[in-house]
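Participant: My structure is in target_0.pdb, and what it holds is PDB, C-alpha atoms:
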MODEL        1
ATOM      1  CA  MET A  78      -7.458  27.061 -21.687
ATOM      2  CA  SER A  79      -9.852  25.251 -24.028
ATOM      3  CA  ASP A  80     -12.277  22.541 -22.952
ATOM      4  CA  THR A  81     -10.333  19.715 -24.549
ATOM      5  CA  THR A  82      -7.152  20.540 -22.653
ATOM      6  CA  VAL A  83      -9.131  20.583 -19.431
ATOM      7  CA  VAL A  84     -10.561  17.147 -20.192
ATOM      8  CA  LEU A  85      -7.123  15.859 -21.136
ATOM      9  CA  ALA A  86      -5.726  17.241 -17.900
ATOM     10  CA  LEU A  87      -8.395  15.496 -15.851
ATOM     11  CA  LEU A  88      -7.994  12.185 -17.646
ATOM     12  CA  PRO A  89      -5.090  10.885 -15.476
ATOM     13  CA  VAL A  90      -7.126  11.462 -12.295
ATOM     14  CA  ILE A  91      -9.913   9.226 -13.564
ATOM     15  CA  LEU A  92      -7.424   6.746 -15.020
ATOM     16  CA  ILE A  93      -5.585   6.316 -11.700
ATOM     17  CA  GLN A  94      -8.844   5.702  -9.868
ATOM     18  CA  LEU A  95      -9.865   3.136 -12.474
ATOM     19  CA  VAL A  96      -6.528   1.314 -12.280
ATOM     20  CA  LEU A  97      -6.718   1.165  -8.476
ATOM     21  CA  MET A  98     -10.272  -0.141  -8.644
ATOM     22  CA  ILE A  99      -9.540  -2.758 -11.301
ATOM     23  CA  PHE A 100      -6.466  -4.150  -9.541
ATOM     24  CA  ALA A 101      -8.331  -4.293  -6.238
ATOM     25  CA  LEU A 102     -11.297  -6.077  -7.846
ATOM     26  CA  VAL A 103      -9.135  -8.604  -9.712
ATOM     27  CA  ASP A 104      -7.238  -9.377  -6.522
ATOM     28  CA  LEU A 105     -10.491  -9.691  -4.580
ATOM     29  CA  ILE A 106     -11.897 -12.183  -7.092
ATOM     30  CA  LYS A 107      -8.731 -14.283  -6.925
ATOM     31  CA  ASN A 108      -8.454 -14.031  -3.146
ATOM     32  CA  PRO A 109      -9.734 -17.283  -1.591
ATOM     33  CA  LYS A 110     -10.174 -15.830   1.894
ATOM     34  CA  PRO A 111     -10.445 -12.071   2.215
ATOM     35  CA  ASN A 112     -10.743 -10.445   5.625
ATOM     36  CA  GLY A 113     -14.532 -10.149   5.713
ATOM     37  CA  PRO A 114     -17.386 -10.907   3.320
ATOM     38  CA  LYS A 115     -16.360 -10.807  -0.321
ATOM     39  CA  TRP A 116     -19.436  -9.001  -1.656
ATOM     40  CA  LEU A 117     -19.019  -6.240   0.933
ATOM     41  CA  TRP A 118     -15.426  -5.608  -0.174
ATOM     42  CA  GLY A 119     -16.640  -5.503  -3.773
ATOM     43  CA  VAL A 120     -19.163  -2.816  -2.865
ATOM     44  CA  ILE A 121     -16.566  -0.842  -0.881
ATOM     45  CA  ILE A 122     -14.033  -0.945  -3.718
ATOM     46  CA  VAL A 123     -16.525   0.198  -6.344
ATOM     47  CA  VAL A 124     -18.512   2.746  -4.335
ATOM     48  CA  ILE A 125     -15.883   4.575  -2.263
ATOM     49  CA  ASN A 126     -13.542   6.629  -4.434
ATOM     50  CA  ILE A 127      -9.798   6.223  -3.907
ATOM     51  CA  ILE A 128     -10.175   5.169  -0.245
ATOM     52  CA  GLY A 129     -12.088   1.962  -1.069
ATOM     53  CA  PRO A 130      -9.290   0.168  -2.973
ATOM     54  CA  ILE A 131      -6.710   1.398  -0.418
ATOM     55  CA  LEU A 132      -8.797   0.022   2.444
ATOM     56  CA  TYR A 133      -9.026  -3.307   0.648
ATOM     57  CA  PHE A 134      -5.264  -3.487   0.021
ATOM     58  CA  VAL A 135      -4.455  -2.554   3.626
ATOM     59  CA  ILE A 136      -7.120  -4.398   5.619
ATOM     60  CA  GLY A 137      -8.986  -6.736   3.292
ATOM     61  CA  ARG A 138      -6.111  -8.649   1.771
ATOM     62  CA  ARG A 139      -4.957 -10.254   5.020
ATOM     63  CA  ASN A 140      -1.300  -9.507   4.358
ATOM     64  CA  TYR A 141      -0.291 -10.928   7.691
TER      65      TYR A 141
ATOM     66  CA  MET B 211      26.162  -8.840   1.589
ATOM     67  CA  THR B 212      24.833 -11.999  -0.069
ATOM     68  CA  GLN B 213      22.407 -12.336   2.785
ATOM     69  CA  PHE B 214      21.228  -8.775   2.266
ATOM     70  CA  ARG B 215      20.718  -9.446  -1.431
ATOM     71  CA  VAL B 216      18.626 -12.538  -0.849
ATOM     72  CA  LEU B 217      16.524 -10.847   1.818
ATOM     73  CA  PHE B 218      16.094  -7.779  -0.345
ATOM     74  CA  GLN B 219      14.857  -9.923  -3.213
ATOM     75  CA  LYS B 220      12.320 -11.532  -0.871
ATOM     76  CA  GLU B 221      11.254  -8.110   0.374
ATOM     77  CA  TRP B 222      10.909  -6.749  -3.153
ATOM     78  CA  ARG B 223       8.894  -9.728  -4.329
ATOM     79  CA  GLU B 224       6.568  -9.326  -1.382
ATOM     80  CA  ASN B 225       6.024  -5.650  -2.212
ATOM     81  CA  VAL B 226       5.223  -6.567  -5.796
ATOM     82  CA  ARG B 227       2.851  -9.385  -4.852
ATOM     83  CA  ASN B 228       0.785  -7.377  -2.416
ATOM     84  CA  TYR B 229       0.570  -4.520  -4.956
ATOM     85  CA  LYS B 230       2.287  -2.006  -2.660
ATOM     86  CA  ILE B 231       4.505  -1.118  -5.598
ATOM     87  CA  LEU B 232       1.368  -0.154  -7.489
ATOM     88  CA  TRP B 233      -1.027   1.499  -5.102
ATOM     89  CA  ILE B 234       1.340   3.559  -2.957
ATOM     90  CA  PRO B 235       2.770   5.521  -5.951
ATOM     91  CA  LEU B 236      -0.702   5.888  -7.471
ATOM     92  CA  VAL B 237      -2.129   7.358  -4.279
ATOM     93  CA  PHE B 238       0.725   9.843  -3.948
ATOM     94  CA  ILE B 239       0.416  10.876  -7.598
ATOM     95  CA  LEU B 240      -3.351  11.207  -7.301
ATOM     96  CA  PHE B 241      -3.200  13.550  -4.319
ATOM     97  CA  ALA B 242      -0.482  15.605  -5.982
ATOM     98  CA  ILE B 243      -2.601  16.049  -9.120
ATOM     99  CA  LEU B 244      -5.805  16.809  -7.214
ATOM    100  CA  GLU B 245      -4.285  19.796  -5.420
ATOM    101  CA  PRO B 246      -3.591  22.052  -8.455
ATOM    102  CA  VAL B 247      -6.704  20.776 -10.240
ATOM    103  CA  THR B 248      -9.102  21.629  -7.388
ATOM    104  CA  GLN B 249      -7.394  24.987  -6.881
ATOM    105  CA  TYR B 250      -7.834  25.743 -10.547
ATOM    106  CA  PHE B 251     -11.495  24.759 -10.691
ATOM    107  CA  LEU B 252     -12.442  26.186  -7.297
ATOM    108  CA  PRO B 253     -14.252  29.247  -8.716
ATOM    109  CA  GLN B 254     -16.310  27.080 -11.090
ATOM    110  CA  LEU B 255     -17.019  24.529  -8.351
ATOM    111  CA  LEU B 256     -18.325  27.219  -6.028
ATOM    112  CA  ASP B 257     -20.365  28.596  -8.878
ATOM    113  CA  SER B 258     -22.182  25.356  -9.569
ATOM    114  CA  LEU B 259     -22.444  23.952  -6.050
ATOM    115  CA  GLY B 260     -22.217  26.908  -3.760
ATOM    116  CA  ASN B 261     -25.823  28.226  -3.788
ATOM    117  CA  LEU B 262     -24.602  31.766  -4.136
ATOM    118  CA  PRO B 263     -27.172  34.476  -4.886
ATOM    119  CA  ASP B 264     -27.218  35.746  -8.439
ATOM    120  CA  GLY B 265     -24.666  38.395  -9.129
ATOM    121  CA  ALA B 266     -22.477  37.545  -6.141
ATOM    122  CA  VAL B 267     -18.860  38.132  -7.076
ATOM    123  CA  ILE B 268     -15.996  36.562  -5.198
ATOM    124  CA  GLU B 269     -12.525  37.570  -6.118
ATOM    125  CA  PHE B 270     -10.026  34.800  -5.645
ATOM    126  CA  PRO B 271      -6.423  35.731  -5.248
ATOM    127  CA  GLU B 272      -4.524  33.671  -7.788
ATOM    128  CA  PRO B 273      -2.365  31.286  -5.739
ATOM    129  CA  SER B 274       1.311  31.286  -6.623
ATOM    130  CA  PRO B 275       2.805  28.061  -8.073
ATOM    131  CA  GLY B 276       4.981  27.757  -4.969
ATOM    132  CA  GLU B 277       1.924  27.816  -2.727
ATOM    133  CA  ILE B 278       0.313  24.973  -4.665
ATOM    134  CA  LEU B 279       3.413  22.787  -4.343
ATOM    135  CA  ALA B 280       3.605  23.587  -0.630
ATOM    136  CA  ASN B 281      -0.055  22.555  -0.315
ATOM    137  CA  ILE B 282       0.756  19.171  -1.873
ATOM    138  CA  ILE B 283       3.218  18.574   0.959
ATOM    139  CA  GLY B 284       0.506  19.632   3.369
ATOM    140  CA  GLN B 285      -1.621  16.789   1.964
ATOM    141  CA  TYR B 286       1.256  14.330   2.196
ATOM    142  CA  GLN B 287       1.914  15.288   5.794
ATOM    143  CA  PHE B 288      -1.402  13.776   6.800
ATOM    144  CA  ILE B 289      -2.783  11.421   4.150
ATOM    145  CA  GLY B 290       0.631  10.419   2.834
ATOM    146  CA  LEU B 291       1.999   9.590   6.270
ATOM    147  CA  LEU B 292      -1.166   7.663   7.106
ATOM    148  CA  VAL B 293      -0.800   5.614   3.919
ATOM    149  CA  LEU B 294       2.838   4.835   4.707
ATOM    150  CA  ILE B 295       2.006   3.887   8.310
ATOM    151  CA  LEU B 296      -0.805   1.572   7.202
ATOM    152  CA  ALA B 297       1.331   0.034   4.477
ATOM    153  CA  TYR B 298       4.401  -0.714   6.601
ATOM    154  CA  MET B 299       3.110  -1.149  10.149
ATOM    155  CA  GLY B 300       3.249  -4.912   9.702
ATOM    156  CA  ALA B 301       6.659  -5.072   8.030
ATOM    157  CA  VAL B 302       8.309  -6.903  10.942
ATOM    158  CA  ALA B 303       5.444  -7.383  13.395
ATOM    159  CA  GLY B 304       3.192  -8.995  10.804
ATOM    160  CA  GLU B 305       5.929 -11.375   9.748
ATOM    161  CA  ARG B 306       6.256 -12.667  13.306
ATOM    162  CA  ARG B 307       2.539 -13.255  13.382
ATOM    163  CA  SER B 308       2.116 -14.932  10.018
ATOM    164  CA  GLY B 309       4.926 -17.431  10.521
ATOM    165  CA  THR B 310       7.295 -16.079   7.885
ATOM    166  CA  ALA B 311       9.475 -15.008  10.796
ATOM    167  CA  THR B 312       9.876 -18.525  12.176
ATOM    168  CA  LEU B 313      11.166 -19.659   8.787
ATOM    169  CA  LEU B 314      13.748 -16.855   8.832
ATOM    170  CA  TYR B 315      14.744 -16.806  12.488
ATOM    171  CA  VAL B 316      15.764 -20.486  12.658
ATOM    172  CA  ARG B 317      18.560 -19.708  10.193
ATOM    173  CA  PRO B 318      21.793 -17.978  11.107
ATOM    174  CA  LEU B 319      20.330 -14.594  10.272
ATOM    175  CA  SER B 320      22.107 -11.269  10.339
ATOM    176  CA  TYR B 321      19.529  -8.935  11.826
ATOM    177  CA  GLY B 322      21.320  -5.983  10.301
ATOM    178  CA  ALA B 323      20.749  -7.396   6.829
ATOM    179  CA  TYR B 324      17.207  -8.401   7.813
ATOM    180  CA  TYR B 325      16.215  -4.899   8.943
ATOM    181  CA  MET B 326      18.116  -3.089   6.206
ATOM    182  CA  SER B 327      16.547  -5.205   3.450
ATOM    183  CA  LYS B 328      13.128  -4.013   4.617
ATOM    184  CA  TRP B 329      14.419  -0.474   5.086
ATOM    185  CA  VAL B 330      15.819  -0.230   1.558
ATOM    186  CA  ALA B 331      12.743  -1.770  -0.083
ATOM    187  CA  ALA B 332      10.299   0.419   1.852
ATOM    188  CA  ASN B 333      12.340   3.554   1.232
ATOM    189  CA  LEU B 334      12.667   2.875  -2.482
ATOM    190  CA  ILE B 335       8.896   2.689  -2.761
ATOM    191  CA  ALA B 336       8.126   5.594  -0.409
ATOM    192  CA  VAL B 337      10.718   8.011  -1.801
ATOM    193  CA  GLY B 338       9.925   6.952  -5.363
ATOM    194  CA  SER B 339       6.217   7.561  -4.779
ATOM    195  CA  VAL B 340       6.859  10.992  -3.285
ATOM    196  CA  LEU B 341       9.184  11.959  -6.140
ATOM    197  CA  PHE B 342       6.750  10.801  -8.828
ATOM    198  CA  GLY B 343       3.924  12.539  -6.991
ATOM    199  CA  LEU B 344       5.786  15.819  -6.667
ATOM    200  CA  LEU B 345       6.839  15.650 -10.314
ATOM    201  CA  ALA B 346       3.222  15.121 -11.370
ATOM    202  CA  GLY B 347       2.217  18.019  -9.130
ATOM    203  CA  TYR B 348       4.998  20.134 -10.607
ATOM    204  CA  TYR B 349       3.769  19.409 -14.128
ATOM    205  CA  TYR B 350       0.166  20.244 -13.319
ATOM    206  CA  THR B 351       1.117  23.390 -11.458
ATOM    207  CA  ALA B 352       3.155  24.508 -14.439
ATOM    208  CA  LEU B 353       0.183  23.737 -16.687
ATOM    209  CA  PHE B 354      -2.396  25.677 -14.678
ATOM    210  CA  PHE B 355      -0.528  28.338 -12.736
ATOM    211  CA  GLY B 356       2.992  28.803 -14.005
ATOM    212  CA  GLN B 357       6.389  27.325 -13.499
ATOM    213  CA  VAL B 358       8.527  27.106 -10.396
ATOM    214  CA  GLU B 359      12.233  27.348 -11.012
ATOM    215  CA  ILE B 360      13.538  23.805 -11.450
ATOM    216  CA  GLY B 361      16.506  24.360  -9.120
ATOM    217  CA  SER B 362      14.377  25.369  -6.147
ATOM    218  CA  PHE B 363      11.951  22.555  -6.945
ATOM    219  CA  LEU B 364      14.779  20.007  -6.720
ATOM    220  CA  GLN B 365      15.946  21.433  -3.382
ATOM    221  CA  PHE B 366      12.363  21.308  -2.168
ATOM    222  CA  ALA B 367      11.807  17.699  -3.287
ATOM    223  CA  GLY B 368      15.197  16.527  -1.990
ATOM    224  CA  THR B 369      14.654  18.026   1.455
ATOM    225  CA  TYR B 370      11.194  16.512   1.684
ATOM    226  CA  CYS B 371      12.542  13.073   0.711
ATOM    227  CA  LEU B 372      14.893  13.206   3.700
ATOM    228  CA  TRP B 373      11.875  13.645   5.946
ATOM    229  CA  ILE B 374      10.123  10.709   4.227
ATOM    230  CA  ILE B 375      13.165   8.500   4.906
ATOM    231  CA  LEU B 376      12.907   9.444   8.596
ATOM    232  CA  VAL B 377       9.196   8.578   8.520
ATOM    233  CA  VAL B 378       9.822   5.142   7.007
ATOM    234  CA  THR B 379      12.610   4.465   9.531
ATOM    235  CA  VAL B 380      10.307   5.320  12.439
ATOM    236  CA  ILE B 381       7.539   3.066  11.097
ATOM    237  CA  LEU B 382       9.836   0.076  10.521
ATOM    238  CA  THR B 383      11.458   0.438  13.934
ATOM    239  CA  ALA B 384       8.054   0.678  15.595
ATOM    240  CA  SER B 385       7.103  -2.486  13.744
ATOM    241  CA  ALA B 386      10.222  -4.271  15.020
ATOM    242  CA  TRP B 387       9.688  -2.959  18.537
ATOM    243  CA  MET B 388       5.959  -3.586  19.082
ATOM    244  CA  PRO B 389       4.281  -6.988  19.341
ATOM    245  CA  ASN B 390       1.732  -6.327  16.587
ATOM    246  CA  GLY B 391       1.018  -4.081  13.639
ATOM    247  CA  GLY B 392      -1.742  -2.118  15.342
ATOM    248  CA  LEU B 393       0.506  -1.018  18.200
ATOM    249  CA  ALA B 394       3.274  -0.225  15.717
ATOM    250  CA  ALA B 395       0.844   2.015  13.853
ATOM    251  CA  ALA B 396      -0.180   3.717  17.106
ATOM    252  CA  VAL B 397       3.453   4.360  18.097
ATOM    253  CA  SER B 398       4.327   5.762  14.652
ATOM    254  CA  PHE B 399       1.174   7.848  14.704
ATOM    255  CA  VAL B 400       2.128   9.433  18.028
ATOM    256  CA  LEU B 401       5.792   9.890  17.075
ATOM    257  CA  LEU B 402       5.080  11.407  13.667
ATOM    258  CA  LEU B 403       1.697  13.101  13.529
ATOM    259  CA  PHE B 404       1.256  14.020  17.178
ATOM    260  CA  MET B 405       4.825  15.263  17.640
ATOM    261  CA  GLN B 406       4.410  17.306  14.490
ATOM    262  CA  LEU B 407       1.388  18.966  16.065
ATOM    263  CA  VAL B 408       3.334  19.645  19.262
ATOM    264  CA  ASP B 409       6.194  21.087  17.261
ATOM    265  CA  GLY B 410       3.724  23.230  15.361
ATOM    266  CA  LEU B 411       2.223  24.604  18.584
ATOM    267  CA  LEU B 412       5.363  25.107  20.646
ATOM    268  CA  GLY B 413       7.927  25.189  17.874
ATOM    269  CA  ALA B 414       8.151  28.963  17.823
ATOM    270  CA  TYR B 415      10.715  28.666  20.615
ATOM    271  CA  TRP B 416      13.270  26.689  18.603
ATOM    272  CA  THR B 417      14.366  26.573  14.990
ATOM    273  CA  VAL B 418      16.235  23.274  14.839
ATOM    274  CA  SER B 419      13.963  20.240  14.796
ATOM    275  CA  PRO B 420      13.399  17.240  12.508
ATOM    276  CA  PHE B 421       9.698  18.121  12.417
ATOM    277  CA  LYS B 422      10.540  21.446  10.806
ATOM    278  CA  VAL B 423      12.237  19.764   7.825
ATOM    279  CA  PRO B 424       8.998  19.658   5.735
ATOM    280  CA  SER B 425       8.342  23.359   6.280
ATOM    281  CA  TYR B 426      11.976  24.172   5.513
ATOM    282  CA  ALA B 427      11.546  22.133   2.338
ATOM    283  CA  ALA B 428       8.569  24.311   1.377
ATOM    284  CA  GLN B 429      10.582  27.455   2.060
ATOM    285  CA  TRP B 430      12.945  26.529  -0.759
ATOM    286  CA  LEU B 431      10.084  27.508  -3.071
ATOM    287  CA  TRP B 432      10.332  31.105  -1.878
ATOM    288  CA  ALA B 433      13.420  32.721  -0.478
ATOM    289  CA  GLY B 434      14.978  29.568   0.948
ATOM    290  CA  PRO B 435      15.236  28.733   4.659
ATOM    291  CA  GLU B 436      17.714  30.274   7.055
ATOM    292  CA  THR B 437      20.912  28.367   6.300
ATOM    293  CA  GLY B 438      22.124  27.654   9.832
ATOM    294  CA  ALA B 439      18.810  26.341  11.173
ATOM    295  CA  TYR B 440      18.231  24.386   7.958
ATOM    296  CA  TRP B 441      21.531  22.497   7.963
ATOM    297  CA  TRP B 442      21.338  21.774  11.690
ATOM    298  CA  SER B 443      17.836  20.333  11.227
ATOM    299  CA  VAL B 444      19.052  18.228   8.304
ATOM    300  CA  ALA B 445      22.030  16.991  10.344
ATOM    301  CA  ILE B 446      19.801  16.050  13.289
ATOM    302  CA  THR B 447      17.401  14.257  10.948
ATOM    303  CA  VAL B 448      20.232  12.203   9.416
ATOM    304  CA  PHE B 449      21.539  11.389  12.891
ATOM    305  CA  LEU B 450      18.040  10.339  14.013
ATOM    306  CA  ILE B 451      17.628   8.106  10.953
ATOM    307  CA  VAL B 452      20.855   6.268  11.802
ATOM    308  CA  ALA B 453      20.039   6.051  15.525
ATOM    309  CA  ILE B 454      16.459   4.856  15.009
ATOM    310  CA  ALA B 455      17.569   2.296  12.426
ATOM    311  CA  ALA B 456      20.206   0.973  14.876
ATOM    312  CA  PHE B 457      17.526   0.726  17.566
ATOM    313  CA  GLY B 458      15.302  -1.104  15.085
ATOM    314  CA  ILE B 459      18.010  -3.648  14.298
ATOM    315  CA  TRP B 460      18.606  -4.218  18.014
ATOM    316  CA  MET B 461      14.860  -4.629  18.625
ATOM    317  CA  SER B 462      14.327  -7.051  15.762
ATOM    318  CA  LYS B 463      17.082  -9.179  17.281
ATOM    319  CA  LYS B 464      15.757  -8.918  20.825
ATOM    320  CA  ASN B 465      12.127  -9.605  19.937
ATOM    321  CA  ALA B 466      13.018 -12.550  17.709
ATOM    322  CA  ALA B 467      13.123 -14.713  20.836
ATOM    323  CA  LYS B 468       9.461 -13.920  21.548
ATOM    324  CA  VAL B 469       8.165 -15.555  18.376
ATOM    325  CA  LYS B 470       6.000 -18.593  19.040
ATOM    326  CA  VAL B 471       5.676 -21.330  16.498
TER     327      VAL B 471
ENDMDL
END
Could you render the structure as C-alpha cells?
Facilitator:
Amino acid sequence: MSDTTVVLALLPVILIQLVLMIFALVDLIKNPKPNGPKWLWGVIIVVINIIGPILYFVIGRRNY
Amino acid sequence: MTQFRVLFQKEWRENVRNYKILWIPLVFILFAILEPVTQYFLPQLLDSLGNLPDGAVIEFPEPSPGEILANIIGQYQFIGLLVLILAYMGAVAGERRSGTATLLYVRPLSYGAYYMSKWVAANLIAVGSVLFGLLAGYYYTALFFGQVEIGSFLQFAGTYCLWIILVVTVILTASAWMPNGGLAAAVSFVLLLFMQLVDGLLGAYWTVSPFKVPSYAAQWLWAGPETGAYWWSVAITVFLIVAIAAFGIWMSKKNAAKVKV
C-alpha cells in the first residue's frame, strides 16, 4: 500500500474529530449558560481528543 | 397514532437540536475505523514508540478480517454502551426535571405513545449509528486485511443490532423508572455492563442468555453459532425487549404523578 492511500485512509479519522470539535465549539459559543465556565469547556473540547466534545455534549450542554 | 406521530416529531426535533443525531453516529464510526487502522499500523507504532533494541524482531500474526470486526464489537460493548447510556439516561427522567414533562402530563396523554415515541427515536439513532459504524469498519477491514463474506457480515450486524435494541430499551425504562438521570445511568450500567461481566464469568454453565447475543453475533463471522442456543437466545432477547418496554410504559405512567411543578 502506497503512502498516499494510507493518508487517504486516515483522512476520515481526522475529519470526524474535526467535525465533532467544530460543532461542539459553535454550540458552546452560542450557548448562553453552559454547565460550568465557558473557557474551561473550550479548552476541554480543543485539547482532549474525541472525548472532549462528547463530554461537552453530554454534560456541558445542560440538556435537562 | 396521531399522538404517536406528534410525540415522535417532538422527540426527533429534540435529537436534532441537541446534536445527538450528529455525534452518536460519528463516535460509533470513529471507533469502528480506529480498530482496523491501529491493528494495521501496530508494527510501525511499536517500531517508533516502543524503545525496542536495535535488531529486535517481533513477528505479528496477521489478524483475520473476522477478528478485526469482532474487536469492533468488543469496543462497542464498553465505549458504545457507555455513550448510549450517557446520551439517553435523561430521556424521561430529565424531562420530568426540566419541566417539559409538566407541559405533556397535563394533557390527556397516552403513555404508550409517549414511551414508544422515545423508543423509536432512540433506536433509530442507536441502530443507525451501529450499522454505519460496522459498515465503515467493514470497508476498512476489507481495505487493509481482506474481505469478509457479505452474507455472514449481514448476519453478524443484524444479530448485534438486536442486542443494541435491548440496550436502548433497558436505558429508556431505567430513565422512566428512576427519579433522575444519574440513577438511571447507574441502573443501566449495572444491568448491562455488570451483568455482562457476570455472564462472562459464570456463563460457561448455560448457553442461552441475552448477554451472549453479542458473542453469538461475532460467531457468524466464523462457523456460525450453534443454531439451537442461538435462536433461543434471540427469542429470549425479543421477549425481554417487549417485557422491559411494557414495564417502562407502566413506570412512566406511575411516576408521572410524582412530577412537581
Participant: For Thr82 of chain A, which of B:Leu412, B:Leu353, B:Val237, B:Leu345 is the closest residue, counting only C-alpha atoms?
Facilitator: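 Checking each of B:Leu412, B:Leu353, B:Val237, B:Leu345 against Thr82 of chain A, counting only C-alpha atoms, the winner is B:Leu353.
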Participant: Select, from B:Gln285, B:Thr248, B:Gln357, B:Thr383, the residue with the minimum atom-to-atom distance to chain A, counting only C-alpha atoms.
Facilitator: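 Looking at the shortest contact to chain A, the residue is B:Thr248.
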Participant: Tell me, in Å to one decimal, how far atom CA of Gly137 of chain A is from atom CA of Gly309 of chain B.
Facilitator: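 Result for atom CA of Gly137 of chain A versus atom CA of Gly309 of chain B: 19.0 Å, one decimal.
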Participant: Kindly resolve the PyMOL selection byres ((chain B) within 10 of (chain A)) on the present coordinates and return the residues as a PDB file with C-alpha atoms, in the frame of the given file.
Facilitator:
ATOM      1  CA  GLU B 224       6.568  -9.326  -1.382  1.00  0.00           C
ATOM      2  CA  ASN B 228       0.785  -7.377  -2.416  1.00  0.00           C
ATOM      3  CA  TYR B 229       0.570  -4.520  -4.956  1.00  0.00           C
ATOM      4  CA  LYS B 230       2.287  -2.006  -2.660  1.00  0.00           C
ATOM      5  CA  LEU B 232       1.368  -0.154  -7.489  1.00  0.00           C
ATOM      6  CA  TRP B 233      -1.027   1.499  -5.102  1.00  0.00           C
ATOM      7  CA  ILE B 234       1.340   3.559  -2.957  1.00  0.00           C
ATOM      8  CA  LEU B 236      -0.702   5.888  -7.471  1.00  0.00           C
ATOM      9  CA  VAL B 237      -2.129   7.358  -4.279  1.00  0.00           C
ATOM     10  CA  ILE B 239       0.416  10.876  -7.598  1.00  0.00           C
ATOM     11  CA  LEU B 240      -3.351  11.207  -7.301  1.00  0.00           C
ATOM     12  CA  PHE B 241      -3.200  13.550  -4.319  1.00  0.00           C
ATOM     13  CA  ILE B 243      -2.601  16.049  -9.120  1.00  0.00           C
ATOM     14  CA  LEU B 244      -5.805  16.809  -7.214  1.00  0.00           C
ATOM     15  CA  VAL B 247      -6.704  20.776 -10.240  1.00  0.00           C
ATOM     16  CA  PHE B 251     -11.495  24.759 -10.691  1.00  0.00           C
ATOM     17  CA  VAL B 293      -0.800   5.614   3.919  1.00  0.00           C
ATOM     18  CA  LEU B 296      -0.805   1.572   7.202  1.00  0.00           C
ATOM     19  CA  ALA B 297       1.331   0.034   4.477  1.00  0.00           C
ATOM     20  CA  TYR B 298       4.401  -0.714   6.601  1.00  0.00           C
ATOM     21  CA  GLY B 300       3.249  -4.912   9.702  1.00  0.00           C
ATOM     22  CA  ALA B 301       6.659  -5.072   8.030  1.00  0.00           C
ATOM     23  CA  ALA B 303       5.444  -7.383  13.395  1.00  0.00           C
ATOM     24  CA  GLY B 304       3.192  -8.995  10.804  1.00  0.00           C
ATOM     25  CA  GLU B 305       5.929 -11.375   9.748  1.00  0.00           C
ATOM     26  CA  ARG B 306       6.256 -12.667  13.306  1.00  0.00           C
ATOM     27  CA  ARG B 307       2.539 -13.255  13.382  1.00  0.00           C
ATOM     28  CA  SER B 308       2.116 -14.932  10.018  1.00  0.00           C
ATOM     29  CA  GLY B 309       4.926 -17.431  10.521  1.00  0.00           C
ATOM     30  CA  THR B 310       7.295 -16.079   7.885  1.00  0.00           C
ATOM     31  CA  TYR B 350       0.166  20.244 -13.319  1.00  0.00           C
ATOM     32  CA  LEU B 353       0.183  23.737 -16.687  1.00  0.00           C
ATOM     33  CA  PHE B 354      -2.396  25.677 -14.678  1.00  0.00           C
ATOM     34  CA  GLY B 391       1.018  -4.081  13.639  1.00  0.00           C
TER      35      GLY B 391
END
Participant: To one decimal in Å, tell me the separation between atom CA of Leu431 of chain B and atom CA of Gly284 of chain B.
Facilitator: 14.0 Å
Participant: Which of these residues is nearest to Gly356 of chain B, using all atoms listed in the file: B:Ala433, B:Val216, B:Leu279, B:Ile268?
Facilitator: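 Using all atoms listed in the file, the shortest distance to Gly356 of chain B belongs to B:Leu279.
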Participant: My list of candidates is B:Thr379, B:Gln213, B:Gln287, B:Gln254. Which is closest to Ile459 of chain B when distances are computed with all atoms listed in the file?
Facilitator: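 Using all atoms listed in the file, Ile459 of chain B sits closest to B:Thr379.
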Participant: With a distance cut-off of 9 Å and all atoms listed in the file, select the neighbouring residues of Thr417 of chain B, excluding the residue or stretch itself and same-chain residues fewer than 3 positions from it, and output the selection as a CSV table (one decimal) with C-alpha atoms, keeping the file's coordinate frame.
Facilitator:
chain,number,residue,atom,x,y,z
B,413,GLY,CA,7.9,25.2,17.9
B,414,ALA,CA,8.2,29.0,17.8
B,422,LYS,CA,10.5,21.4,10.8
B,439,ALA,CA,18.8,26.3,11.2
B,440,TYR,CA,18.2,24.4,8.0
B,443,SER,CA,17.8,20.3,11.2
Participant: To one decimal in Å, tell me the separation between atom CA of Met299 of chain B and atom CA of Pro420 of chain B.
Facilitator: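 Going from atom CA of Met299 of chain B over to atom CA of Pro420 of chain B covers 21.2 Å.
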Participant: To test your reading of the syntax: which residues would the PyMOL selection byres ((chain B and resi 333-336) around 12) return for the file shown? Reply as a ChimeraX atom specification.
Facilitator: /B:218,221-222,225-226,229-239,286,290-291,293-295,297-298,326-332,337-343,370-382,451
Participant: Please write out, as lines of an AutoDock Vina configuration file, where the centre of an axis-aligned box around all listed atoms of segment 117-122 of chain A lies and how long its edges are, in Å to one decimal, after adding 6 Å on each side.
Facilitator:
center_x = -16.6
center_y = -3.5
center_z = -1.4
size_x = 17.1
size_y = 17.4
size_z = 16.7
Participant: So that I can see what lies close to Leu102 of chain A, please list as a PyMOL selection string the residues with an atom at most 10 Å from it, counting all atoms listed in the file and leaving out residues fewer than 5 positions away in the same chain.
Facilitator: chain A and resi 96-97+107-108+118-120+122-123+130+133
Participant: Output C-alpha atoms for every residue in the selection just made, as a compact mmCIF listing (two decimals), keeping the file's coordinate frame.
Facilitator:
# COMPACT_ATOMS: atom_id res chain seq x y z
CA VAL A 96 -6.53 1.31 -12.28
CA LEU A 97 -6.72 1.16 -8.48
CA LYS A 107 -8.73 -14.28 -6.92
CA ASN A 108 -8.45 -14.03 -3.15
CA TRP A 118 -15.43 -5.61 -0.17
CA GLY A 119 -16.64 -5.50 -3.77
CA VAL A 120 -19.16 -2.82 -2.86
CA ILE A 122 -14.03 -0.94 -3.72
CA VAL A 123 -16.52 0.20 -6.34
CA PRO A 130 -9.29 0.17 -2.97
CA TYR A 133 -9.03 -3.31 0.65
Participant: If the PyMOL selection byres ((chain B and resi 462) around 8) is run on the structure shown, which residues does it catch, given as a PyMOL selection string?
Facilitator: chain B and resi 302+321+325+386-387+458-461+463-466
